[in-house]
>>> print(open('entry.txt').read())   # compact mmCIF, C-alpha atoms and all ligand atoms
# COMPACT_ATOMS: atom_id res chain seq x y z
CA MET A 279 0.00 0.00 0.00
CA ILE A 280 1.06 3.57 -0.42
CA VAL A 281 -0.06 6.49 1.66
CA VAL A 282 -0.46 9.73 -0.25
CA MET A 283 -0.12 12.73 2.07
CA ARG A 284 -2.12 15.90 1.49
CA MET A 285 -0.45 18.77 -0.31
CA GLY A 286 1.20 20.85 2.41
CA ALA A 287 1.01 18.10 5.06
CA SER A 288 3.35 19.03 7.92
CA GLU A 289 6.58 17.20 8.82
CA GLU A 290 4.91 16.28 12.10
CA GLU A 291 2.04 14.59 10.23
CA VAL A 292 4.45 12.72 7.95
CA HIS A 293 6.47 11.51 10.94
CA ASN A 294 3.34 10.48 12.75
CA VAL A 295 2.27 8.29 9.80
CA VAL A 296 5.77 6.77 9.57
CA ARG A 297 5.74 6.00 13.33
CA HIS A 298 2.30 4.43 13.00
CA ILE A 299 3.38 2.26 10.04
CA GLU A 300 6.50 1.12 11.89
CA SER A 301 4.53 0.33 15.03
CA LEU A 302 2.48 -2.09 12.90
CA GLY A 303 5.70 -3.90 11.95
CA PHE A 304 6.14 -2.40 8.45
CA ARG A 305 8.99 -0.45 6.97
CA ALA A 306 8.15 2.99 5.64
CA HIS A 307 9.87 4.38 2.51
CA LEU A 308 9.42 8.08 1.82
CA SER A 309 9.15 9.62 -1.62
CA ARG A 310 9.18 13.40 -1.40
CA GLY A 311 7.79 14.83 -4.60
CA GLU A 312 7.54 18.47 -5.59
CA GLU A 313 3.88 18.56 -4.62
CA ARG A 314 3.37 15.88 -2.03
CA THR A 315 4.98 13.18 0.02
CA ILE A 316 4.17 9.54 -0.63
CA ILE A 317 4.91 6.83 1.93
CA GLY A 318 5.35 3.25 0.79
CA LEU A 319 4.61 0.42 3.22
CA ILE A 320 6.87 -2.54 2.90
CA GLY A 321 5.94 -5.81 4.56
CA ASP A 322 3.25 -8.44 4.50
CA GLU A 323 0.05 -6.41 4.08
CA ARG A 324 -2.45 -9.13 4.88
CA GLY A 325 -4.74 -7.97 7.65
CA LEU A 326 -3.79 -4.30 7.28
CA SER A 327 -6.72 -1.90 7.08
CA GLN A 328 -6.50 0.76 4.42
CA HIS A 329 -9.29 2.73 6.10
CA THR A 330 -7.58 3.02 9.48
CA LEU A 331 -4.56 4.60 7.82
CA GLU A 332 -6.83 7.04 6.00
CA LEU A 333 -7.98 8.41 9.37
CA LEU A 334 -4.50 9.63 10.31
CA PRO A 335 -4.02 13.43 10.17
CA GLY A 336 -2.51 14.73 6.92
CA VAL A 337 -3.36 11.62 4.90
CA GLU A 338 -5.18 12.25 1.64
CA ARG A 339 -5.68 8.66 0.52
CA VAL A 340 -4.30 5.16 0.82
CA ILE A 341 -3.90 3.17 -2.38
CA PRO A 342 -3.32 -0.56 -2.59
CA VAL A 343 -0.47 -1.20 -5.07
CA LEU A 344 -1.52 -4.17 -7.12
CA LYS A 345 1.77 -4.48 -8.97
CA PRO A 346 4.29 -6.73 -7.23
CA PHE A 347 6.99 -4.06 -7.48
CA LYS A 348 6.24 -1.14 -5.21
CA LEU A 349 9.23 1.13 -4.61
CA ALA A 350 10.17 0.81 -8.30
CA SER A 351 6.70 1.82 -9.45
CA ARG A 352 5.47 5.20 -10.63
CA ASP A 353 2.58 4.89 -8.16
CA PHE A 354 5.11 5.28 -5.36
CA LYS A 355 7.15 7.97 -7.11
CA PRO A 356 5.47 9.77 -10.01
CA GLU A 357 8.50 11.93 -10.89
CA ASN A 358 11.52 10.54 -12.76
CA THR A 359 14.36 9.51 -10.49
CA LEU A 360 17.67 11.16 -11.29
CA VAL A 361 20.65 8.95 -10.59
CA GLN A 362 23.87 10.85 -10.09
CA VAL A 363 27.26 9.25 -10.65
CA ARG A 364 29.79 11.96 -9.81
CA ASN A 365 29.12 14.67 -12.44
CA VAL A 366 26.89 12.44 -14.59
CA VAL A 367 23.11 12.41 -14.22
CA PHE A 368 20.86 9.65 -15.58
CA GLY A 369 17.17 10.37 -16.15
CA ASP A 370 17.49 14.02 -17.10
CA LYS A 371 17.44 15.69 -20.51
CA LYS A 372 20.92 14.51 -21.43
CA VAL A 373 21.26 11.02 -22.86
CA VAL A 374 24.27 9.52 -21.05
CA LEU A 375 26.83 7.73 -23.21
CA ILE A 376 28.89 5.05 -21.47
CA ALA A 377 31.65 3.55 -23.59
CA GLY A 378 34.71 1.39 -23.22
CA PRO A 379 36.02 -2.10 -23.77
CA CYS A 380 34.13 -5.27 -22.93
CA ALA A 381 37.10 -6.29 -20.79
CA VAL A 382 40.12 -4.39 -19.53
CA GLU A 383 43.06 -6.10 -21.24
CA SER A 384 46.02 -3.80 -20.60
CA ARG A 385 46.90 -0.25 -19.59
CA THR A 386 47.51 0.81 -23.20
CA GLN A 387 44.27 -0.71 -24.48
CA LEU A 388 42.24 0.93 -21.72
CA MET A 389 43.92 4.35 -21.85
CA GLU A 390 43.72 4.54 -25.61
CA THR A 391 40.01 3.69 -25.50
CA ALA A 392 39.21 5.95 -22.55
CA LEU A 393 40.84 9.02 -24.09
CA ALA A 394 39.20 8.39 -27.46
CA VAL A 395 35.67 7.86 -26.14
CA LYS A 396 35.95 10.93 -23.96
CA GLU A 397 37.04 12.98 -26.94
CA ALA A 398 34.09 11.63 -28.93
CA GLY A 399 31.56 12.65 -26.27
CA ALA A 400 31.17 9.74 -23.82
CA SER A 401 30.56 10.81 -20.25
CA MET A 402 31.31 7.51 -18.52
CA LEU A 403 33.80 4.69 -18.96
CA ARG A 404 32.95 0.99 -18.88
CA GLY A 405 35.33 -1.95 -18.61
CA GLY A 406 35.03 -5.49 -17.31
CA ALA A 407 37.41 -6.70 -14.61
CA TYR A 408 35.56 -9.91 -13.76
CA LYS A 409 34.04 -11.41 -16.90
CA PRO A 410 31.10 -13.81 -16.75
CA ARG A 411 32.02 -15.95 -19.77
CA THR A 412 30.06 -18.86 -21.14
CA SER A 413 33.23 -20.97 -21.23
CA PRO A 414 35.52 -21.26 -18.18
CA TYR A 415 38.44 -21.45 -20.65
CA SER A 416 37.76 -18.00 -22.12
CA PHE A 417 39.47 -14.83 -20.86
CA LEU A 418 37.90 -14.20 -17.44
CA GLY A 419 39.26 -10.72 -16.83
CA LEU A 420 42.24 -9.25 -14.98
CA GLY A 421 40.40 -8.91 -11.67
CA GLU A 422 41.69 -6.32 -9.22
CA ASP A 423 44.50 -5.30 -11.61
CA ALA A 424 41.78 -4.26 -14.07
CA LEU A 425 40.00 -2.31 -11.34
CA ARG A 426 43.24 -0.43 -10.61
CA LEU A 427 43.62 0.40 -14.29
CA LEU A 428 40.02 1.60 -14.45
CA ALA A 429 40.61 3.91 -11.50
CA GLU A 430 43.74 5.19 -13.23
CA ALA A 431 41.87 5.81 -16.49
CA SER A 432 39.12 7.55 -14.59
CA GLU A 433 41.66 9.81 -12.90
CA ALA A 434 43.31 10.61 -16.24
CA THR A 435 40.08 11.38 -18.12
CA GLY A 436 37.72 12.54 -15.40
CA LEU A 437 35.19 9.94 -16.57
CA PRO A 438 33.32 8.05 -13.83
CA VAL A 439 33.64 4.27 -14.13
CA VAL A 440 31.18 1.37 -14.13
CA SER A 441 32.27 -2.26 -13.80
CA GLU A 442 30.58 -5.55 -13.10
CA VAL A 443 30.54 -7.26 -9.74
CA MET A 444 29.68 -10.95 -9.80
CA ALA A 445 29.53 -12.02 -6.15
CA PRO A 446 28.39 -10.43 -2.88
CA GLU A 447 31.81 -10.98 -1.29
CA ALA A 448 33.45 -9.03 -4.15
CA VAL A 449 31.40 -5.87 -3.54
CA PRO A 450 33.88 -4.35 -1.01
CA VAL A 451 36.83 -4.62 -3.44
CA VAL A 452 34.96 -3.47 -6.57
CA ARG A 453 33.38 -0.48 -4.85
CA ARG A 454 36.82 0.76 -3.79
CA TYR A 455 37.71 1.47 -7.44
CA VAL A 456 34.50 2.24 -9.32
CA ASP A 457 31.70 4.80 -9.21
CA MET A 458 28.87 2.49 -10.23
CA LEU A 459 28.39 -1.26 -9.72
CA GLN A 460 27.12 -3.27 -12.67
CA ILE A 461 24.95 -6.37 -12.24
CA GLY A 462 25.24 -8.44 -15.38
CA THR A 463 22.45 -10.25 -17.15
CA ARG A 464 23.42 -13.64 -15.71
CA ASN A 465 23.21 -12.31 -12.17
CA MET A 466 19.93 -10.41 -12.35
CA HIS A 467 18.34 -13.25 -10.39
CA ASN A 468 21.20 -13.50 -7.87
CA TYR A 469 19.23 -12.21 -4.92
CA ASN A 470 22.14 -12.28 -2.46
CA LEU A 471 24.09 -10.07 -4.85
CA LEU A 472 21.11 -7.71 -5.23
CA HIS A 473 20.92 -7.41 -1.43
CA ALA A 474 24.66 -6.74 -1.28
CA VAL A 475 24.62 -3.91 -3.84
CA GLY A 476 21.50 -2.51 -2.18
CA GLU A 477 23.40 -2.35 1.09
CA ALA A 478 26.44 -0.84 -0.62
CA GLY A 479 24.38 2.34 -1.02
CA MET A 480 26.07 3.38 -4.26
CA PRO A 481 24.78 3.69 -7.86
CA VAL A 482 23.92 0.40 -9.54
CA LEU A 483 23.54 -0.44 -13.22
CA LEU A 484 21.15 -3.38 -13.30
CA LYS A 485 21.04 -5.31 -16.56
CA ARG A 486 17.97 -7.25 -17.59
CA GLY A 487 18.26 -11.02 -17.25
CA LEU A 488 18.48 -12.63 -20.67
CA MET A 489 15.30 -14.56 -19.99
CA ALA A 490 13.63 -12.17 -17.58
CA THR A 491 10.23 -10.62 -18.11
CA ILE A 492 9.85 -6.90 -17.51
CA GLU A 493 8.10 -7.67 -14.23
CA GLU A 494 10.94 -9.91 -13.05
CA PHE A 495 13.38 -7.17 -14.05
CA LEU A 496 11.54 -4.61 -11.96
CA MET A 497 11.33 -7.06 -9.04
CA ALA A 498 15.12 -7.40 -9.17
CA ALA A 499 15.36 -3.60 -8.93
CA GLU A 500 12.92 -3.75 -6.01
CA TYR A 501 15.46 -5.84 -4.06
CA ILE A 502 18.01 -3.03 -4.34
CA LEU A 503 15.48 -0.29 -3.58
CA SER A 504 14.26 -2.18 -0.52
CA HIS A 505 17.61 -1.31 1.09
CA SER A 506 16.75 2.37 0.58
CA ASN A 507 19.29 2.50 -2.25
CA TYR A 508 17.32 4.34 -4.94
CA GLN A 509 20.31 4.95 -7.22
CA VAL A 510 19.41 2.27 -9.73
CA VAL A 511 19.68 2.54 -13.52
CA LEU A 512 17.99 -0.20 -15.54
CA CYS A 513 19.59 -1.55 -18.70
CA GLU A 514 17.80 -3.34 -21.54
CA ARG A 515 20.47 -5.53 -23.17
CA GLY A 516 18.47 -7.95 -25.27
CA ILE A 517 16.70 -11.17 -24.43
CA ARG A 518 16.98 -14.67 -25.80
CA THR A 519 14.48 -15.55 -28.52
CA PHE A 520 14.30 -18.08 -31.38
CA GLU A 521 16.28 -15.66 -33.56
CA THR A 522 19.93 -16.59 -33.93
CA TYR A 523 21.10 -14.12 -36.57
CA THR A 524 21.73 -11.62 -33.81
CA ARG A 525 23.26 -12.55 -30.45
CA ASN A 526 20.14 -11.42 -28.58
CA THR A 527 16.87 -9.74 -29.50
CA LEU A 528 16.90 -6.20 -28.21
CA ASP A 529 13.48 -5.56 -26.69
CA ILE A 530 12.89 -1.98 -27.71
CA ASN A 531 9.34 -2.26 -26.29
CA ALA A 532 10.91 -2.51 -22.85
CA VAL A 533 12.14 1.10 -22.97
CA PRO A 534 8.81 2.97 -23.11
CA THR A 535 7.08 0.19 -21.16
CA ILE A 536 9.45 0.47 -18.21
CA LYS A 537 9.50 4.27 -18.40
CA GLY A 538 5.72 4.10 -17.97
CA LEU A 539 5.78 1.58 -15.11
CA SER A 540 8.77 2.91 -13.20
CA HIS A 541 10.44 6.18 -12.25
CA LEU A 542 13.94 4.70 -12.69
CA PRO A 543 16.18 5.70 -15.63
CA VAL A 544 16.43 3.16 -18.45
CA ILE A 545 19.44 2.76 -20.71
CA VAL A 546 20.12 0.42 -23.63
CA ASP A 547 23.09 -1.82 -24.47
CA PRO A 548 23.05 -2.19 -28.27
CA SER A 549 26.38 -4.06 -28.22
CA HIS A 550 25.15 -7.13 -26.32
CA GLY A 551 21.64 -6.51 -27.69
CA THR A 552 22.81 -7.23 -31.24
CA GLY A 553 26.24 -8.89 -30.99
CA ARG A 554 27.19 -7.29 -34.34
CA TRP A 555 29.14 -4.07 -34.60
CA GLU A 556 27.38 -2.96 -37.79
CA LEU A 557 24.01 -2.97 -36.00
CA VAL A 558 25.15 -0.96 -33.00
CA GLU A 559 24.67 2.49 -34.53
CA PRO A 560 21.18 1.99 -36.05
CA VAL A 561 19.94 0.27 -32.89
CA SER A 562 21.39 3.08 -30.76
CA ARG A 563 19.34 5.55 -32.76
CA ALA A 564 16.23 3.45 -32.23
CA ALA A 565 16.89 3.29 -28.48
CA VAL A 566 17.20 7.05 -28.16
CA ALA A 567 14.11 7.59 -30.30
CA ALA A 568 12.21 5.22 -27.97
CA GLY A 569 13.16 7.29 -24.92
CA ALA A 570 16.31 5.65 -23.55
CA ASP A 571 18.14 7.74 -20.95
CA GLY A 572 21.52 6.44 -22.05
CA LEU A 573 23.54 3.92 -24.03
CA ILE A 574 26.34 1.59 -22.98
CA ILE A 575 28.60 0.71 -25.89
CA GLU A 576 31.63 -1.52 -26.30
CA VAL A 577 34.61 0.14 -27.94
CA HIS A 578 38.03 -1.40 -28.63
CA PRO A 579 40.99 0.21 -30.42
CA ARG A 580 41.49 -3.01 -32.45
CA PRO A 581 38.31 -5.13 -32.28
CA ALA A 582 39.92 -7.97 -34.25
CA GLU A 583 42.39 -8.43 -31.37
CA ALA A 584 39.86 -8.12 -28.54
CA LEU A 585 39.95 -10.87 -25.91
CA SER A 586 36.17 -10.73 -25.61
CA ASP A 587 33.26 -9.48 -27.71
CA GLY A 588 35.35 -8.15 -30.62
CA ALA A 589 32.51 -8.85 -33.08
CA GLN A 590 30.27 -6.31 -31.38
CA SER A 591 32.92 -3.73 -30.51
CA LEU A 592 33.20 -0.42 -32.35
CA THR A 593 36.49 1.25 -33.14
CA PRO A 594 36.92 4.70 -31.57
CA GLU A 595 36.26 6.24 -35.02
CA GLN A 596 33.02 4.31 -35.42
CA PHE A 597 32.00 5.37 -31.92
CA ALA A 598 32.66 9.02 -32.79
CA ARG A 599 30.39 8.67 -35.84
CA LEU A 600 27.72 7.03 -33.69
CA VAL A 601 27.75 9.95 -31.26
CA LYS A 602 27.10 12.41 -34.07
CA SER A 603 24.29 10.37 -35.54
CA VAL A 604 22.64 9.69 -32.17
CA ARG A 605 22.84 13.39 -31.36
CA ARG A 606 20.56 14.21 -34.28
CA VAL A 607 17.96 11.70 -33.08
CA ALA A 608 18.24 12.99 -29.50
CA GLU A 609 17.50 16.53 -30.67
CA SER A 610 14.45 15.34 -32.58
CA VAL A 611 12.97 13.90 -29.34
CA ASP A 612 13.92 16.95 -27.29
CA ARG A 613 16.93 15.36 -25.63
CA GLU A 614 20.66 16.12 -25.74
CA VAL A 615 23.78 14.07 -26.23
C1 LIG A 701 29.00 -6.56 -20.05
O1 LIG A 701 28.37 -5.50 -20.13
O2 LIG A 701 30.21 -6.63 -20.00
C2 LIG A 701 28.25 -7.83 -20.03
C3 LIG A 701 28.86 -8.99 -19.76
O3 LIG A 701 26.95 -7.69 -20.33
P1 LIG A 701 25.72 -8.68 -20.06
O4 LIG A 701 25.74 -9.00 -18.60
O5 LIG A 701 24.54 -7.84 -20.47
O6 LIG A 701 25.92 -9.87 -20.95
MN MN A 702 30.89 -7.76 -23.53
>>> encode(input="entry.txt", output="structure tokens", more="lines below")
Ligand code: PEP
Ligand code: MN
Amino acid sequence: MIVVMRMGASEEEVHNVVRHIESLGFRAHLSRGEERTIIGLIGDERGLSQHTLELLPGVERVIPVLKPFKLASRDFKPENTLVQVRNVVFGDKKVVLIAGPCAVESRTQLMETALAVKEAGASMLRGGAYKPRTSPYSFLGLGEDALRLLAEASEATGLPVVSEVMAPEAVPVVRRYVDMLQIGTRNMHNYNLLHAVGEAGMPVLLKRGLMATIEEFLMAAEYILSHSNYQVVLCERGIRTFETYTRNTLDINAVPTIKGLSHLPVIVDPSHGTGRWELVEPVSRAAVAAGADGLIIEVHPRPAEALSDGAQSLTPEQFARLVKSVRRVAESVDREV
């Protein structure tokens, strides 16, 4: 249930409702909008009376939330959430471009890429340190050495960094070096990991599970939000379908659908969504036209030599062209790049 306070309800009234909710054994989450405060009740609602809550001073109405996700829903928070990662803001007018290699391979590879994507207009750097590969014999990432290089590249370019964390016990080490924690598609259902990044209290990039429905995706976000960590950016990265020509089927429907259901920013990964470098630019344009708040794109100075995902990686020159072409689409939908 959510409790919608009257416009101009006093702090005292808000606190009184929170105290009341907590005394009933629920947790109260506050969403302070420009016009009114909304209080979300988290807990098992069976046996709770909507009408009793409506009698409390300052309460305008109490609404049962029928969707299984509550804190992630627009019912709880009608305004868009802005997620800030250092100087970068997701969910505002500017479409955020995150770019960098699939995996950090060496200092030269990372620095070369980081400087080039910055020059081309990216505002964040990506790079895998721990790689979730289908085969255990593939390159699995440089681990903490890669994290150190990412921090170095961030320092040199001023770009905030996002990198994947694969296990709850790795959160303390990854968070020491990066500005945003990435949950990869294979771990979207790893509930212990979702709890851990929720508790970390820092920005999270949550990728959609490759076989997850939109509802399951939003429930995964709910895990993080339930720790009062509201700095969550959702990423559509393609789902598995019968089509094999492309690596995944990018679900463009998910972008406006989730923007309607949730207040959280939504970005798109056209690299993993297609698996083919030549599709990355046209699909990026489609994503921005559909309302995406950002793009995350794999870039490698020499894709043919990449240790992972070379087939879907752009060269820095191709990325620079993509930025220009996406910019025109962004302007046509009243956004900026
Ligand atoms: C990645 O972004 O490096 C990655 C492995 O993506 P996904 O989890 O979407 O496959
Ligand atoms: Mn990759």
>>> closest_residue(input="entry.txt", among="A:Pro379, A:Pro446, A:Ala568, A:Ile492", to="ligand LIG 701 (chain A)", atoms="only C-alpha atoms and all ligand atoms")
A:Pro379
>>> atom_distance(input="entry.txt", atom1="CA of Ile317 (chain A)", atom2="CA of Asp457 (chain A)")
29.1 Å
>>> residues_around(input="entry.txt", residues="Gln596 (chain A)", least_positions_apart="5", cutoff="9 Å", atoms="all atoms listed in the file", output="count of residues only")
3
>>> residues_around(input="entry.txt", residues="region 502-505 of chain A", least_positions_apart="6", cutoff="8 Å", atoms="only C-alpha atoms", output="JSON, numbers by chain")
{"A": [349, 350, 472, 473, 475, 476, 477, 479]}
>>> residues_near_ligand(input="entry.txt", ligand="ligand MN 702 (chain A)", cutoff="7 Å", atoms="all atoms listed in the file", output="PDB file with C-alpha atoms, keeping the file's coordinate frame")
ATOM      1  CA  CYS A 380      34.130  -5.270 -22.930  1.00  0.00           C
ATOM      2  CA  ALA A 381      37.100  -6.290 -20.790  1.00  0.00           C
ATOM      3  CA  HIS A 550      25.150  -7.130 -26.320  1.00  0.00           C
ATOM      4  CA  GLU A 576      31.630  -1.520 -26.300  1.00  0.00           C
ATOM      5  CA  SER A 586      36.170 -10.730 -25.610  1.00  0.00           C
ATOM      6  CA  ASP A 587      33.260  -9.480 -27.710  1.00  0.00           C
TER       7      ASP A 587
END
>>> residues_near_ligand(input="entry.txt", ligand="ligand LIG 701 (chain A)", cutoff="6 Å", atoms="all atoms listed in the file", output="PDB file with C-alpha atoms, keeping the file's coordinate frame")
ATOM      1  CA  CYS A 380      34.130  -5.270 -22.930  1.00  0.00           C
ATOM      2  CA  GLY A 406      35.030  -5.490 -17.310  1.00  0.00           C
ATOM      3  CA  GLY A 462      25.240  -8.440 -15.380  1.00  0.00           C
ATOM      4  CA  THR A 463      22.450 -10.250 -17.150  1.00  0.00           C
ATOM      5  CA  ARG A 464      23.420 -13.640 -15.710  1.00  0.00           C
ATOM      6  CA  LYS A 485      21.040  -5.310 -16.560  1.00  0.00           C
ATOM      7  CA  ARG A 515      20.470  -5.530 -23.170  1.00  0.00           C
ATOM      8  CA  HIS A 550      25.150  -7.130 -26.320  1.00  0.00           C
TER       9      HIS A 550
END
>>> closest_residue(input="entry.txt", among="A:Arg310, A:Arg486, A:Arg364, A:Lys371", to="Ile461 (chain A)", atoms="only C-alpha atoms")
A:Arg486
>>> atom_distance(input="entry.txt", atom1="CA of Thr491 (chain A)", atom2="CA of Leu459 (chain A)")
22.1 Å
>>> atom_distance(input="entry.txt", atom1="CA of His329 (chain A)", atom2="CA of Ile280 (chain A)")
12.3 Å
>>> closest_residue(input="entry.txt", among="A:Met480, A:Val337, A:Ala570, A:Ala498", to="Ala287 (chain A)", atoms="all atoms listed in the file")
A:Val337
>>> closest_residue(input="entry.txt", among="A:Lys537, A:Arg297, A:Arg518, A:Lys396", to="Gly378 (chain A)", atoms="all atoms listed in the file")
A:Lys396
>>> residues_around(input="entry.txt", residues="region 432-439 of chain A", least_positions_apart="6", cutoff="7 Å", atoms="all atoms listed in the file", output="MDAnalysis selection string")
chainID A and resid 363:364 393 401:404 456:458
>>> closest_residue(input="entry.txt", among="A:Ser562, A:Ser591, A:Gln387, A:Asn468", to="Glu514 (chain A)", atoms="only C-alpha atoms")
A:Ser562
>>> decode(input="entry.txt", residues="region 337-345 of chain A", atoms="all heavy atoms", output="CSV table (one decimal), in the first residue's frame")
chain,number,residue,atom,x,y,z
A,337,VAL,N,-3.3,12.6,6.0
A,337,VAL,CA,-3.4,11.6,4.9
A,337,VAL,C,-4.5,12.0,3.9
A,337,VAL,O,-5.6,12.3,4.3
A,337,VAL,CB,-3.6,10.2,5.5
A,337,VAL,CG1,-3.9,9.2,4.4
A,337,VAL,CG2,-2.5,9.8,6.4
A,338,GLU,N,-4.1,12.0,2.6
A,338,GLU,CA,-5.2,12.2,1.6
A,338,GLU,C,-5.9,11.0,1.2
A,338,GLU,O,-7.1,10.9,1.3
A,338,GLU,CB,-4.6,12.9,0.4
A,338,GLU,CG,-5.6,13.3,-0.6
A,338,GLU,CD,-5.1,14.0,-1.8
A,338,GLU,OE1,-4.7,15.2,-1.6
A,338,GLU,OE2,-4.9,13.4,-2.9
A,339,ARG,N,-5.1,9.9,0.8
A,339,ARG,CA,-5.7,8.7,0.5
A,339,ARG,C,-4.7,7.5,0.6
A,339,ARG,O,-3.5,7.8,0.6
A,339,ARG,CB,-6.3,8.7,-0.9
A,339,ARG,CG,-5.4,9.0,-2.0
A,339,ARG,CD,-6.1,9.1,-3.3
A,339,ARG,NE,-5.1,9.2,-4.4
A,339,ARG,CZ,-4.5,10.3,-4.7
A,339,ARG,NH1,-4.7,11.4,-4.1
A,339,ARG,NH2,-3.6,10.3,-5.7
A,340,VAL,N,-5.2,6.3,0.7
A,340,VAL,CA,-4.3,5.2,0.8
A,340,VAL,C,-4.7,4.3,-0.4
A,340,VAL,O,-5.8,4.0,-0.6
A,340,VAL,CB,-4.5,4.4,2.1
A,340,VAL,CG1,-3.7,3.1,2.2
A,340,VAL,CG2,-4.2,5.3,3.3
A,341,ILE,N,-3.6,3.9,-1.1
A,341,ILE,CA,-3.9,3.2,-2.4
A,341,ILE,C,-3.2,1.8,-2.3
A,341,ILE,O,-2.0,1.7,-2.0
A,341,ILE,CB,-3.3,3.9,-3.6
A,341,ILE,CG1,-3.7,5.4,-3.6
A,341,ILE,CG2,-3.7,3.3,-4.9
A,341,ILE,CD1,-3.0,6.2,-4.6
A,342,PRO,N,-4.0,0.7,-2.5
A,342,PRO,CA,-3.3,-0.6,-2.6
A,342,PRO,C,-2.5,-0.6,-3.9
A,342,PRO,O,-3.0,-0.2,-4.9
A,342,PRO,CB,-4.5,-1.6,-2.6
A,342,PRO,CG,-5.7,-0.8,-2.8
A,342,PRO,CD,-5.4,0.7,-2.8
A,343,VAL,N,-1.3,-1.1,-3.8
A,343,VAL,CA,-0.5,-1.2,-5.1
A,343,VAL,C,-0.6,-2.6,-5.5
A,343,VAL,O,-0.2,-3.6,-4.8
A,343,VAL,CB,1.0,-0.8,-4.8
A,343,VAL,CG1,1.8,-0.9,-6.1
A,343,VAL,CG2,1.1,0.6,-4.3
A,344,LEU,N,-1.2,-2.8,-6.7
A,344,LEU,CA,-1.5,-4.2,-7.1
A,344,LEU,C,-0.3,-4.8,-7.8
A,344,LEU,O,-0.2,-6.0,-7.9
A,344,LEU,CB,-2.8,-4.2,-8.0
A,344,LEU,CG,-4.0,-3.6,-7.3
A,344,LEU,CD1,-5.2,-3.5,-8.3
A,344,LEU,CD2,-4.4,-4.5,-6.1
A,345,LYS,N,0.6,-3.9,-8.3
A,345,LYS,CA,1.8,-4.5,-9.0
A,345,LYS,C,2.7,-5.1,-7.9
A,345,LYS,O,2.8,-4.6,-6.8
A,345,LYS,CB,2.5,-3.4,-9.7
A,345,LYS,CG,1.7,-2.7,-10.8
A,345,LYS,CD,2.5,-1.6,-11.5
A,345,LYS,CE,1.6,-0.8,-12.4
A,345,LYS,NZ,1.0,0.4,-11.6
